[in-house]
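Engineer: One structure coming up, written as structure tokens, with questions to follow.
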Amino acid sequence: MENMRLHSSTDRQPNDAAPASEAAAPAATTELLLAMYRLMLLIRTTEERLAKVQASGALPGPVHLSVGQEAVAAGVCVHLTDRDWITSNHRGHGHFLAKSGDLPRMIAEVFGRATGVCGGKGGSMHVADVSKGILGANGIVGGGIGLGTGAAWAEQLRGDGNVAVVFFGDGAANQGVMFEALNIAALWKLPLILVCENNGFSEFSPSATVTAGEIWRRAEPFGVPGLAVDGNDVVAVWRAAGTAIARARAGAGSTLIEARTYRLRGHVEAEMTFLSKAYREDAEIEARRAHEPLMQARRKLEQAGITAATFAGIEAEVLAQVDDAFKFAEESPWPAVESAYTHMFS
Amino acid sequence: MAKKRMVQAINEGIAEEMARDPSIVLFGEDVEVSPIGDTRNLFERFGPARVRNTPISETVMTGMAVGAAAAGYRVICHLFYGNFIYTGFDAIANQAAKLRYMLGGQIRLPITFMAVIGGGRSVAAQHSDSMHPTLMNLGGVKVVMPGSPGDAKGLIKSSIRDDSPVFFLQAAGRGGESGEVPDGEYVIPLGKAIILRPGSNVTVVAIGSMVKPAQRACDELAKAGVSAELIDPRCVMPFDFDTVVDSVKRTGRLVIVDEARRTCSAASEIAATVTERTFGTLRAPARRVTVEDVAMPYSPILEKAVIPDHLRIMEAVRGLMQ
Ligand SMILES: Cc1ncc(C[n+]2csc(CCOP(=O)(O)OP(=O)(O)O)c2C)c(N)n1
């Protein structure tokens, strides 16, 4: 069967079908682009460090990294305040950081320490900071979709103009809950932005082998605007998200954004130690690396006159921030055993 | 007979059944690359018509298992982590468990749902449940929990051959453990316990993942002069009460070790039924060693505290001996 063979994960290159309207597109200022670049660099540096630490055996549980996908988290979350909600999936470190989650406490959570954002009870797949509007990463594929829809309803009831953004994968777009959410969001005009991060893979299956049609088009029958954007172009993501979020804040309802990107690392770290065979070619990864979001943003910034010295300064700052966070986590105490028995009920 | 790993034994059992019965189909998420290892090479061997990777769509997968079985196929539906059973629960609880009954016996539902369950690897609460009691309570599904590679082979084969829905629940993270596995035709009837070690002072019933720590506990208790009889029920629905009752009538004491949460655990059901049948001979109330009524925490230090180990089993036995 053709579709069972190893093949390129996305038949369509990101821009082909992107119907995002460029007409009245606002331009991102250099200052904003630089802020988004810094955020992406923070996510990248953090996750590459996590990969290293995972390989050394120092992490108790598995980690799913979003290296190559940082532009989606950054481009969307710069529009949000602490009073807006996000929900995320198992690949949630980037969303957490982009939504102003605390880096040291996130790393401490991944290390399973008492100082972690969830006291060490959730780990990488459950990093959450409700005070920042981060309803959490999620271990159930599609789990965040229902939660985000409910948070959007709550904000609609409250009427303060806050919104909910759901980050989910192309794999999760095949869970029935996505269609159910679209229907209800359309009927109730919920301030809900569904951001499908299409990274080319549904776990170990190339998307085209498990996903029919184009995901952004799944909004159409419900009368919800759907669009595809180049998820590796942080400005394109920022622009599409800006329109959708403004619309939701204004009470005009929901939008589905399919951000097309590519997962440069494994589904989960160290996956080739347990899979029976490879599910993609190294050459494909290398080809996609040329299109990764940080380099693209950096090129734009260079054209706008940002100097090598400025970049070096940012890199040094981010590195120091990441170093501090890991040091904090490593030096943090383990949770007290009694804490295993708290928090089941309010 | 040869030493094989748990996942190899299961894989071998599935492959043998698929070779002997062309009506068997297997599907699930990423069964081709097989992150668990139990469906390895089946795609290559039996082809895409019979072995299918699915989208992440548990709601329809479990429904399809019921529909395809009702329409004449023998279905193996791999659900990967046991917690995803909940995602596909409607067709399990409302369809698979009841359809034959509601239709007055017009259909057979030969379905094997496979999943890995339980904690111990820091994957947190949404990947660590032991939901066999939930399934036991549905009524219309059988629940198999192998404790060793040999049993796993014999039980996967009989699960597949069974004409009713069966959950084959493997202890997560134990796929690499090895043991003797009989070659070829080796079928263990569902609902038949095995006495792993005879003893006279206390009966220890250990379920699935708990067999191993119970074995260790029994070894150490033996050194201290306590003779424990260890029983692995292998199948919790139907449950081989006769074997356990016979044992308890000899020992007068019962400890049940179960990784489920205490309330309505399999251990609770076993304690209640065995007590009803052995009340006159019990020297002390049956004891349950289980997870408390909490979700599984991520941090290894918390998880270790929550999951029963050999020390807690020994403590329970000692408590009964006083
Ligand atoms: C309900 C459920 N089914 C299956 C899984 C196992 N699983 C974890 S991540 C994943 C793939 C998710 O793919 P996608 O939504 O595209 O996100 P990505 O991993 O690509 O970021 C799967 C199948 C799960 N966690 N939850």
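To be explicit about the labels: the chains of the structure tokens are called A, B, and onward in the order shown, and within each one the residues are counted from 1, while ligands get numbers from 1 in the order they are shown.
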Would you kindly report the residues of chain A within 8 Å of chain B, using only C-alpha atoms, as a short mmCIF file (atom, residue, chain, number, x, y, z; two decimals) with N, CA and C atoms, in the first residue's frame?
Structural biologist:
```
data_model
loop_
_atom_site.label_atom_id
_atom_site.label_comp_id
_atom_site.auth_asym_id
_atom_site.auth_seq_id
_atom_site.Cartn_x
_atom_site.Cartn_y
_atom_site.Cartn_z
N MET A 1 0.85 -1.20 0.00
CA MET A 1 0.00 0.00 0.00
C MET A 1 0.88 1.24 0.00
N MET A 4 1.68 3.36 3.10
CA MET A 4 2.35 2.74 4.24
C MET A 4 3.87 2.90 4.12
N PRO A 60 13.58 11.92 34.93
CA PRO A 60 12.82 10.72 35.32
C PRO A 60 11.87 10.22 34.23
N GLY A 61 11.29 11.13 33.46
CA GLY A 61 10.27 10.71 32.49
C GLY A 61 10.60 11.13 31.07
N PRO A 62 9.73 10.78 30.13
CA PRO A 62 9.97 11.10 28.72
C PRO A 62 9.75 12.58 28.42
N PHE A 111 12.09 17.82 36.09
CA PHE A 111 13.00 17.05 36.95
C PHE A 111 12.25 16.34 38.09
N GLY A 112 10.97 16.64 38.24
CA GLY A 112 10.18 15.99 39.29
C GLY A 112 10.44 16.53 40.68
N ARG A 113 10.82 17.81 40.76
CA ARG A 113 11.20 18.38 42.05
C ARG A 113 10.03 19.12 42.72
N GLY A 120 5.95 18.67 41.07
CA GLY A 120 6.53 17.39 40.67
C GLY A 120 5.50 16.31 40.40
N LYS A 121 4.23 16.67 40.43
CA LYS A 121 3.20 15.65 40.23
C LYS A 121 2.82 15.44 38.77
N GLY A 122 3.16 16.42 37.93
CA GLY A 122 2.72 16.32 36.53
C GLY A 122 3.82 15.98 35.55
N GLY A 123 4.99 16.60 35.71
CA GLY A 123 6.08 16.36 34.79
C GLY A 123 5.91 17.06 33.46
N MET A 125 4.73 16.36 30.55
CA MET A 125 3.48 16.31 29.78
C MET A 125 2.35 17.10 30.44
N GLY A 139 -1.58 14.96 28.43
CA GLY A 139 -1.09 13.65 28.00
C GLY A 139 -2.05 12.90 27.11
N ILE A 140 -3.26 13.43 26.99
CA ILE A 140 -4.26 12.77 26.17
C ILE A 140 -4.39 13.55 24.86
N VAL A 141 -4.12 12.90 23.76
CA VAL A 141 -4.17 13.58 22.47
C VAL A 141 -5.60 14.05 22.21
N GLY A 171 -2.17 15.19 14.45
CA GLY A 171 -2.72 13.90 14.88
C GLY A 171 -4.00 14.08 15.68
N ALA A 172 -4.00 15.08 16.55
CA ALA A 172 -5.17 15.34 17.39
C ALA A 172 -6.36 15.81 16.55
N ASN A 174 -7.55 14.43 14.26
CA ASN A 174 -8.34 13.26 13.88
C ASN A 174 -9.16 12.71 15.04
N GLN A 175 -9.13 13.38 16.16
CA GLN A 175 -10.01 13.00 17.26
C GLN A 175 -11.36 13.68 17.04
N GLY A 176 -12.41 12.94 17.27
CA GLY A 176 -13.75 13.49 17.07
C GLY A 176 -14.00 14.78 17.83
N SER A 202 2.06 12.31 13.05
CA SER A 202 1.13 11.94 14.08
C SER A 202 1.85 10.81 14.82
N GLU A 203 2.55 11.19 15.87
CA GLU A 203 3.47 10.26 16.54
C GLU A 203 4.50 9.77 15.53
N PHE A 204 4.45 8.49 15.14
CA PHE A 204 5.46 7.97 14.22
C PHE A 204 4.91 7.78 12.82
N SER A 205 3.68 8.26 12.60
CA SER A 205 3.07 8.11 11.27
C SER A 205 3.13 9.43 10.52
N VAL A 210 -2.33 9.19 7.70
CA VAL A 210 -3.41 9.07 8.70
C VAL A 210 -4.40 10.23 8.69
N THR A 211 -4.13 11.24 7.87
CA THR A 211 -4.99 12.43 7.87
C THR A 211 -5.46 12.72 6.46
N PHE A 274 13.66 2.14 20.88
CA PHE A 274 12.59 1.15 21.03
C PHE A 274 11.73 0.93 19.79
N LEU A 275 11.93 1.72 18.74
CA LEU A 275 11.12 1.48 17.54
C LEU A 275 11.74 0.37 16.70
N SER A 276 10.88 -0.35 15.98
CA SER A 276 11.40 -1.47 15.20
C SER A 276 12.09 -1.01 13.93
N LYS A 277 11.75 0.19 13.45
CA LYS A 277 12.41 0.71 12.26
C LYS A 277 12.20 2.21 12.15
N ALA A 278 12.97 2.84 11.24
CA ALA A 278 12.85 4.29 11.07
C ALA A 278 11.54 4.62 10.36
N TYR A 279 11.00 5.79 10.64
CA TYR A 279 9.76 6.19 9.98
C TYR A 279 9.95 7.41 9.10
N TRP A 334 13.60 17.06 46.35
CA TRP A 334 12.52 16.17 45.91
C TRP A 334 11.27 16.51 46.72
N PRO A 335 10.11 16.23 46.19
CA PRO A 335 8.90 16.50 46.97
C PRO A 335 8.83 15.59 48.20
N ALA A 336 8.15 16.08 49.23
CA ALA A 336 7.91 15.26 50.41
C ALA A 336 6.92 14.16 50.03
N VAL A 337 7.17 12.95 50.49
CA VAL A 337 6.35 11.81 50.10
C VAL A 337 4.86 12.04 50.39
N SER A 339 3.15 14.49 49.91
CA SER A 339 2.47 15.27 48.88
C SER A 339 1.83 14.38 47.82
N ALA A 340 2.22 13.11 47.78
CA ALA A 340 1.57 12.18 46.84
C ALA A 340 0.09 12.03 47.17
N TYR A 341 -0.28 12.32 48.41
CA TYR A 341 -1.65 12.04 48.85
C TYR A 341 -2.52 13.29 48.98
N MET A 344 -6.24 15.48 45.66
CA MET A 344 -7.21 14.69 44.90
C MET A 344 -8.57 15.40 44.89
#
```
Engineer: DSSP on the backbone, then: every residue of region 82-282 of chain A marked helix (DSSP H, G or I), written as a PyMOL selection string.
Structural biologist: chain A and resi 93-98+103-110+124-126+130-132+143-158+172-174+176-188+207-210+215-222+234-249+271-273+282
Engineer: With only C-alpha atoms and all ligand atoms counted and 10 Å as the cut-off, give the residues of chain A in contact with ligand 1, each with its shortest interatomic distance in Å and the pair that gives it, as CSV.
Structural biologist:
```
residue,atom,partner,partner_atom_place_in_ligand_line,distance
A:His64,CA,ligand 1,19 (O),7.5
A:Leu65,CA,ligand 1,21 (O),8.3
A:Ser66,CA,ligand 1,21 (O),7.4
A:Gln69,CA,ligand 1,21 (O),9.2
A:Ser88,CA,ligand 1,21 (O),9.8
A:Asn89,CA,ligand 1,21 (O),7.3
A:His90,CA,ligand 1,9 (S),6.3
A:Arg91,CA,ligand 1,21 (O),5.5
A:Gly92,CA,ligand 1,21 (O),8.7
A:Met125,CA,ligand 1,25 (N),9.4
A:Asn138,CA,ligand 1,25 (N),8.1
A:Gly139,CA,ligand 1,25 (N),5.0
A:Ile140,CA,ligand 1,26 (N),3.7
A:Val141,CA,ligand 1,26 (N),3.9
A:Gly142,CA,ligand 1,1 (C),6.6
A:Gly143,CA,ligand 1,1 (C),7.4
A:Phe167,CA,ligand 1,15 (O),9.4
A:Phe168,CA,ligand 1,15 (O),5.8
A:Gly169,CA,ligand 1,15 (O),3.3
A:Asp170,CA,ligand 1,16 (O),4.0
A:Gly171,CA,ligand 1,16 (O),3.4
A:Ala172,CA,ligand 1,15 (O),3.9
A:Ala173,CA,ligand 1,15 (O),6.8
A:Asn174,CA,ligand 1,15 (O),8.3
A:Gln175,CA,ligand 1,1 (C),8.1
A:Cys196,CA,ligand 1,15 (O),8.4
A:Glu197,CA,ligand 1,21 (O),7.1
A:Asn198,CA,ligand 1,16 (O),6.4
A:Asn199,CA,ligand 1,20 (O),5.5
A:Gly200,CA,ligand 1,20 (O),6.8
A:Phe201,CA,ligand 1,20 (O),4.9
A:Ser202,CA,ligand 1,13 (O),3.7
A:Glu203,CA,ligand 1,11 (C),3.6
A:Phe204,CA,ligand 1,11 (C),7.4
A:Ser205,CA,ligand 1,11 (C),8.5
A:Pro206,CA,ligand 1,16 (O),9.2
A:Ser207,CA,ligand 1,16 (O),7.6
A:Thr211,CA,ligand 1,16 (O),9.8
A:Thr261,CA,ligand 1,20 (O),9.9
A:Tyr262,CA,ligand 1,20 (O),8.8
A:Arg263,CA,ligand 1,20 (O),7.2
A:Gly266,CA,ligand 1,19 (O),9.0
A:His267,CA,ligand 1,19 (O),5.7
A:Val268,CA,ligand 1,19 (O),8.2
```
Engineer: Can you tell me which residues surround region 276-279 of chain B at a distance of at most 8 Å, considering only C-alpha atoms, apart from same-chain residues fewer than 4 positions away, and format the answer as a PyMOL selection string?
Structural biologist: chain B and resi 245+248-249+272
Engineer: Can I get the selection written as a tab-separated table (two decimals), in the first residue's frame, with C-alpha atoms?
Structural biologist:
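Result file is selection-v6.tsv:
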```tsv
chain	number	residue	atom	x	y	z
B	245	VAL	CA	-10.77	-20.42	48.09
B	248	VAL	CA	-7.34	-19.94	51.81
B	249	LYS	CA	-9.12	-22.91	53.35
B	272	ALA	CA	-15.27	-9.85	49.51
```
Engineer: When you look at Val195 (chain A) with a cut-off of 10 Å (counting only C-alpha atoms), what residues show up, excluding the ones that are within fewer than 5 positions of it in the same chain? I need them as a list in words.
Structural biologist: Val72, Ala73, Val76, Ser88, Ile145, Val165, Val166, Phe167, Phe168, Gly169, Asp170, Trp216, Leu227, Ala228, Val237, Ala241, Thr255, Leu256, Ile257, Glu258 and Ala259 of chain A
Engineer: Could you turn the residues from that selection into a file that holds C-alpha atoms, as a JSON list (two decimals), in the first residue's frame?
Structural biologist:
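Dumped everything to again.json:
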```
[["chain", "number", "residue", "atom", "x", "y", "z"],
["A", 72, "VAL", "CA", 3.85, 28.78, 16.39],
["A", 73, "ALA", "CA", 4.04, 29.22, 20.16],
["A", 76, "VAL", "CA", 0.44, 33.25, 18.78],
["A", 88, "SER", "CA", -1.55, 22.51, 24.99],
["A", 145, "ILE", "CA", -9.46, 20.76, 22.85],
["A", 165, "VAL", "CA", -6.27, 29.28, 22.41],
["A", 166, "VAL", "CA", -5.95, 25.54, 21.95],
["A", 167, "PHE", "CA", -2.64, 24.21, 20.62],
["A", 168, "PHE", "CA", -2.92, 20.70, 19.22],
["A", 169, "GLY", "CA", -1.22, 18.53, 16.64],
["A", 170, "ASP", "CA", -2.29, 17.28, 13.25],
["A", 216, "TRP", "CA", -7.73, 24.02, 7.86],
["A", 227, "LEU", "CA", -6.65, 29.09, 7.20],
["A", 228, "ALA", "CA", -3.24, 27.58, 6.71],
["A", 237, "VAL", "CA", 1.83, 33.10, 12.42],
["A", 241, "ALA", "CA", -3.18, 34.79, 15.09],
["A", 255, "THR", "CA", -11.02, 30.50, 13.97],
["A", 256, "LEU", "CA", -9.06, 27.40, 13.01],
["A", 257, "ILE", "CA", -5.45, 28.03, 12.07],
["A", 258, "GLU", "CA", -3.35, 25.24, 10.64],
["A", 259, "ALA", "CA", 0.28, 26.20, 11.16]]
```
Engineer: Could you name the residues that touch region 212-222 of chain B at 10 Å or less, counting only C-alpha atoms, but leaving out those on the same chain fewer than 5 positions away, as a list in words?
Structural biologist: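 Selected residues are Gly147, Ser148, Leu196, Arg197, Gly199, Val202, Val204, Val205, Ala206, Ile207, Ser227, Ala228, Glu229, Leu230, Ile231, Asp232, Ile256, Val257, Pro308, Asp309, His310, Leu311, Arg312, Ile313, Met314, Glu315, Val317 and Arg318 of chain B.
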Engineer: Taking the chain letters and numbering used in this document, name the residues of region 72-186 of chain B that DSSP puts in strand (DSSP E or B), as a list in words.
Structural biologist: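 So, restricting region 72-186 of chain B to strand (DSSP E or B), we get Arg74, Val75, Ile76, Cys77, His78, Leu79, Phe80, Tyr81, Ile111, Thr112, Phe113, Met114, Ala115, Val116, Ile117, Lys142, Val143, Val144, Val166, Phe167, Phe168, Leu169, Gln170, Ala171, Ser178, Gly179, Glu180 and Val181 of chain B.
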Engineer: Skip region 1-4 of chain B itself and residues of its chain fewer than 2 positions away, then list as a PyMOL selection string all residues within 8 Å of it, counting only C-alpha atoms.
Structural biologist: chain B and resi 6+8-9+149+178-183
Engineer: Using C-alpha atoms, can you export the residues from the last selection as a PDB file, in the first residue's frame?
Structural biologist:
```
ATOM      1  CA  MET B   6       7.383 -10.690  27.350  1.00  0.00           C
ATOM      2  CA  GLN B   8       8.323 -11.409  22.044  1.00  0.00           C
ATOM      3  CA  ALA B   9       6.065 -14.004  23.605  1.00  0.00           C
ATOM      4  CA  PRO B 149       6.112 -14.305  29.277  1.00  0.00           C
ATOM      5  CA  SER B 178      12.237 -12.684  30.041  1.00  0.00           C
ATOM      6  CA  GLY B 179      11.076 -16.159  30.932  1.00  0.00           C
ATOM      7  CA  GLU B 180      10.515 -19.615  29.493  1.00  0.00           C
ATOM      8  CA  VAL B 181       7.994 -19.644  26.664  1.00  0.00           C
ATOM      9  CA  PRO B 182       6.643 -22.897  25.219  1.00  0.00           C
ATOM     10  CA  ASP B 183       6.910 -23.194  21.423  1.00  0.00           C
TER      11      ASP B 183
END
```
Engineer: Might you pull out every residue within 9 Å of Gly208 (chain B), with only C-alpha atoms counted and same-chain residues fewer than 3 positions away left off, and present them as a list in words?
Structural biologist: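 The neighbour list is Val144, Met145, Pro146, Gly147, Ser148, Leu169, Gln170, Ala171, Val211, Lys212, Asp232, Pro233, Arg234, Cys235, Asp258 and Glu259 of chain B.
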Engineer: Taking into account only C-alpha atoms, which residue in the set B:Leu103, B:Ile188, B:Ala15, B:Leu79 is nearest to Ile117 (chain B)?
Structural biologist: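 Under the stated criterion, the closest residue is B:Leu79.
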